[in-house]
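Each remark here refers to the structure printed beneath this line.
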Amino acid sequence: MGEVDAAFIQDPPHRPKLSTIQAEGIPIIDLSPITNHRVSDPSAIEGLVKEIGSACNEWGFFQVTNHGVPLTLRQNIEKASKLFFAQSAEEKRKVSRNESSPAGYYDTEHTKNVRDWKEVFDFLAKEPTFIPVTSDEHDDRVNQWTNQSPEYPLNFRVVTQEYIQEMEKLSFKILELIALSLGLEAKRFEEFFIKDQTSFIRLNHYPPCPYPDLALGVGRHKDPGALTILAQDEVGGLEVRRKADQEWIRVKPTPDAYIINIGDTVQVWSNDAYESVDHRVVVNSEKERFSIPFFFFPAHDTEVKPLEELINEQNPSKYRPYKWGKFLVHRGNSNFKKQNEENIQIYHYKIA
Ligand SMILES: O=C(O)CCC(=O)C(=O)O
Ligand SMILES: [Fe+2]
């Protein structure tokens with residue numbers, strides 16, 4: 001990654017600005033009404049649901065504090081991630097992902113056909129994870145994906161699994177709040193995840209980049225799943241497209257907070273009441289950066305479509321149903337290699 005490599009260069013309209021906007025950032029929401037078990041105050045929970053609803057409406061992004069995830073578990077996985085990525089390329093490639101084992105290490109991800117300035121390690125929440133063999137809707141074959149685990153650091157698997165359990169718990173809680181904010185039953189979304197969710201955790205490492213004005217750590221994109229829970233370190237670089245004016249806003253790192261964004265799946269379930277928002281990662285010429293997103297994804301056979309409770313004659317369904325697993329495989333294909341066409345997006349299912 002020395003000389004300017006054309007594969008990493010963003011088209012001019014998508015290059016990061018030199019000056020970042022330090023505006024009022026995304027909302028910070030205190031989750032203690034649901035995590036502090038000594039007090040259970042219905043009006044506090046009602047207030048929280050309102051806050052979540054406005055954040056989903058106005059930003060599609062928010063940060064949470066007092067979330068109940070033990071800090072030591074986060075510190076453990078952050079340390080394991082640093083130790084893993086600090087190894088030689090040769091060591092890391094021993095756990096490279098491949099067509100038969102798609103979870104693992106790689107440094108060639110492309111977003112919208114431009115290479116990202118990063119290396120990652122993916123680890124599935126469930127073993128095995130059931131994923132369709134192809135995106136063809138008539139093909140019923142399903143693969144069983146399993147994890148690879150690096151030899152070093154020794155505790156990698158245990159630390160990662162412990163952290164994933166906490167991410168799952170937090171995801172369920174936040175989805176309950178989102179359901180309530182939409183006027184649904186709290187557990188409305190649970191059925192899509194209880195059996196065979198396809199969630200995974202990603203360790204991201206963004207090395208210092210000699211041309212941060214031309215490349216991005218992750219190009220602009222929307223997350224496809226239900227929710228993403230992100231731990232970012234103190235370096236910063238995540239930018240969110242503000243809905244009000246489409247400007248890119250930097251998300252200021254808040255120690256021990258998690259950044260939550262709703263994904264395309266919640267957008268479809270809510271029939272566009274909530275929108276999944278574009279975001280990207282700006283890199284830095286001096287500092288490396290680490291982040292850990294947890295992607296909360298439903299079971300592969302989930303049929304994604306606007307929920308019946310949210311549609312009626314005045315507000316008809318805006319999307320044709322699609323199978324989550326097929327959508328995911330379609331997306332995944334385009335991440336493996338540079339392709340000439342745009343990858344699949346939910347608007348391809350939009351009813352005109
Ligand atoms: O590293 C980050 O801050 C965000 C990464 C991200 O958006 C993603 O991996 O989908
Ligand atoms: Fe993302």
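We name chains A, B, ... following the order of the structure tokens; residues begin at 1 in each chain, and ligands are numbered from 1 as shown.
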
Once you count only C-alpha atoms and all ligand atoms, what closest atom pair and distance in Å to one decimal does each residue of chain A within 7 Å of ligand 1 have, with rows by chain and rising residue number, as a Markdown table?
```
| residue | atom | partner | partner_atom_place_in_ligand_line | distance |
| --- | --- | --- | --- | --- |
| A:Asn204 | CA | ligand 1 | 1 (O) | 6.3 |
| A:Val218 | CA | ligand 1 | 5 (C) | 6.4 |
| A:Asp223 | CA | ligand 1 | 10 (O) | 5.9 |
| A:Leu230 | CA | ligand 1 | 3 (O) | 6.9 |
| A:Gln232 | CA | ligand 1 | 3 (O) | 5.8 |
| A:Gly237 | CA | ligand 1 | 3 (O) | 6.5 |
| A:Leu238 | CA | ligand 1 | 3 (O) | 4.5 |
| A:His279 | CA | ligand 1 | 7 (O) | 6.3 |
| A:Arg280 | CA | ligand 1 | 7 (O) | 5.9 |
| A:Val281 | CA | ligand 1 | 2 (C) | 5.8 |
| A:Ser291 | CA | ligand 1 | 1 (O) | 4.8 |
| A:Ile292 | CA | ligand 1 | 1 (O) | 6.8 |
| A:Pro293 | CA | ligand 1 | 9 (O) | 6.1 |
```

Could you give me, as a Markdown table, every region 115-173 of chain A residue with an atom at most 8 Å from region 84-96 of chain A, plus its closest atom pair and distance in Å to one decimal, counting only C-alpha atoms, rows ordered by chain then number?
```
| residue | atom | partner | partner_atom | distance |
| --- | --- | --- | --- | --- |
| A:Gln148 | CA | A:Val95 | CA | 6.2 |
| A:Ser149 | CA | A:Val95 | CA | 7.0 |
| A:Pro150 | CA | A:Val95 | CA | 6.2 |
| A:Tyr152 | CA | A:Phe84 | CA | 6.4 |
| A:Pro153 | CA | A:Phe84 | CA | 6.4 |
```

Resulting file, chosen residues, N, CA and C atoms, as a PDB file, in the first residue's frame:
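Result file part_2.pdb:
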```pdb
ATOM      1  N   GLN A 148     -13.286 -19.526  11.073  1.00  0.00           N
ATOM      2  CA  GLN A 148     -11.878 -19.845  11.205  1.00  0.00           C
ATOM      3  C   GLN A 148     -11.408 -19.061  12.429  1.00  0.00           C
ATOM      4  N   SER A 149     -10.410 -19.578  13.080  1.00  0.00           N
ATOM      5  CA  SER A 149      -9.913 -18.896  14.266  1.00  0.00           C
ATOM      6  C   SER A 149      -8.405 -18.815  14.178  1.00  0.00           C
ATOM      7  N   PRO A 150      -7.855 -17.621  14.313  1.00  0.00           N
ATOM      8  CA  PRO A 150      -6.385 -17.528  14.250  1.00  0.00           C
ATOM      9  C   PRO A 150      -5.737 -18.239  15.439  1.00  0.00           C
ATOM     10  N   TYR A 152      -3.219 -17.058  16.964  1.00  0.00           N
ATOM     11  CA  TYR A 152      -2.775 -16.012  17.869  1.00  0.00           C
ATOM     12  C   TYR A 152      -3.670 -14.802  17.728  1.00  0.00           C
ATOM     13  N   PRO A 153      -4.080 -14.129  18.796  1.00  0.00           N
ATOM     14  CA  PRO A 153      -3.816 -14.490  20.190  1.00  0.00           C
ATOM     15  C   PRO A 153      -4.604 -15.728  20.615  1.00  0.00           C
TER      16      PRO A 153
END
```

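Close contacts of Arg289 (chain A), defined as residues with an atom at most 10 Å away when counting only C-alpha atoms, with chain neighbours fewer than 4 positions off set aside, comprise Lys82, Lys118, Asn204, His205, Tyr206, Pro207, Pro208, Gly217, Gln232, Asp233, Glu234, Val235, Gly236, Gly237, Val283 and Asn284 of chain A.
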
Requested write-out: C-alpha atoms of the selected residues, as an mmCIF file, in the first residue's frame:
```cif
data_model
loop_
_atom_site.group_PDB
_atom_site.id
_atom_site.type_symbol
_atom_site.label_atom_id
_atom_site.label_comp_id
_atom_site.auth_asym_id
_atom_site.auth_seq_id
_atom_site.Cartn_x
_atom_site.Cartn_y
_atom_site.Cartn_z
ATOM 1 C CA LYS A 82 -4.758 -5.327 17.692
ATOM 2 C CA LYS A 118 -8.612 -1.552 5.383
ATOM 3 C CA ASN A 204 -11.698 -3.547 11.098
ATOM 4 C CA HIS A 205 -8.156 -2.227 10.886
ATOM 5 C CA TYR A 206 -7.527 0.949 8.888
ATOM 6 C CA PRO A 207 -3.740 1.406 8.497
ATOM 7 C CA PRO A 208 -2.344 4.935 8.036
ATOM 8 C CA GLY A 217 -11.444 3.277 4.680
ATOM 9 C CA GLN A 232 -14.975 2.757 17.336
ATOM 10 C CA ASP A 233 -11.673 3.710 18.956
ATOM 11 C CA GLU A 234 -10.552 7.226 19.902
ATOM 12 C CA VAL A 235 -9.096 8.086 16.462
ATOM 13 C CA GLY A 236 -12.399 8.798 14.702
ATOM 14 C CA GLY A 237 -13.167 8.751 10.989
ATOM 15 C CA VAL A 283 -8.654 7.475 6.801
ATOM 16 C CA ASN A 284 -5.742 9.245 8.342
#
```

**Report entry** Residue nearest His138 (chain A) - candidates A:Val268, A:Lys323, A:Leu180, A:Val159, atoms counted: only C-alpha atoms
**Finding:**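 Closest residue, counting only C-alpha atoms: A:Lys323.
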
Query - Neighbour list for Tyr106 (chain A) as a PyMOL selection string, cut-off 10 Å, only C-alpha atoms, skip fewer than 2 positions in-chain - result: chain A and resi 92-93+95-98+102-104+108-109+118-122+336

Counting only C-alpha atoms, what are the residues of region 133-232 of chain A within 8 Å of region 12-17 of chain A, and for each of them which pair of atoms is the nearest and at what distance in Å, to one decimal? Sort the table by chain and rising number, as a Markdown table.
```
| residue | atom | partner | partner_atom | distance |
| --- | --- | --- | --- | --- |
| A:Pro212 | CA | A:Pro16 | CA | 7.8 |
| A:Asp213 | CA | A:Pro16 | CA | 5.8 |
| A:Leu214 | CA | A:Arg15 | CA | 5.6 |
| A:Ala215 | CA | A:Arg15 | CA | 6.9 |
| A:Leu216 | CA | A:Pro16 | CA | 7.5 |
| A:Arg220 | CA | A:His14 | CA | 7.9 |
```

Query raised in the report: What are the DSSP strand (DSSP E) residues of region 46-197 of chain A, as number ranges by chain?
Result: A: 61-65, 105-106, 110-111, 114-115, 119-124, 129-132, 142-145

Query raised in the report: Near Phe62 (chain A), counting only C-alpha atoms, which residues have an atom at most 10 Å away, once you skip same-chain residues fewer than 4 positions from it, shown as a ChimeraX atom specification?
Result: /A:25-29,51-52,54-56,58,229,251,258-262

**Report entry** Atomic distance CA of Ala44 (chain A) - CA of Ala179 (chain A), expressed in Å with one decimal
**Finding:**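 Interatomic distance, CA of Ala44 (chain A) to CA of Ala179 (chain A): 16.6 Å.
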
Requested in this report: Between A:Lys222, A:Lys169, A:Lys195, A:Lys243, single out the one closest to ligand 2, counting only C-alpha atoms and all ligand atoms.
Outcome: A:Lys222

Report task. Please provide the set of residues having any atom within 12 Å of Ile131 (chain A), restricted to only C-alpha atoms, with same-chain residues fewer than 4 positions apart removed, written as a PyMOL selection string. Result -> chain A and resi 100-103+124+126-127+135+139-146+196-199+297-302+323-330+332
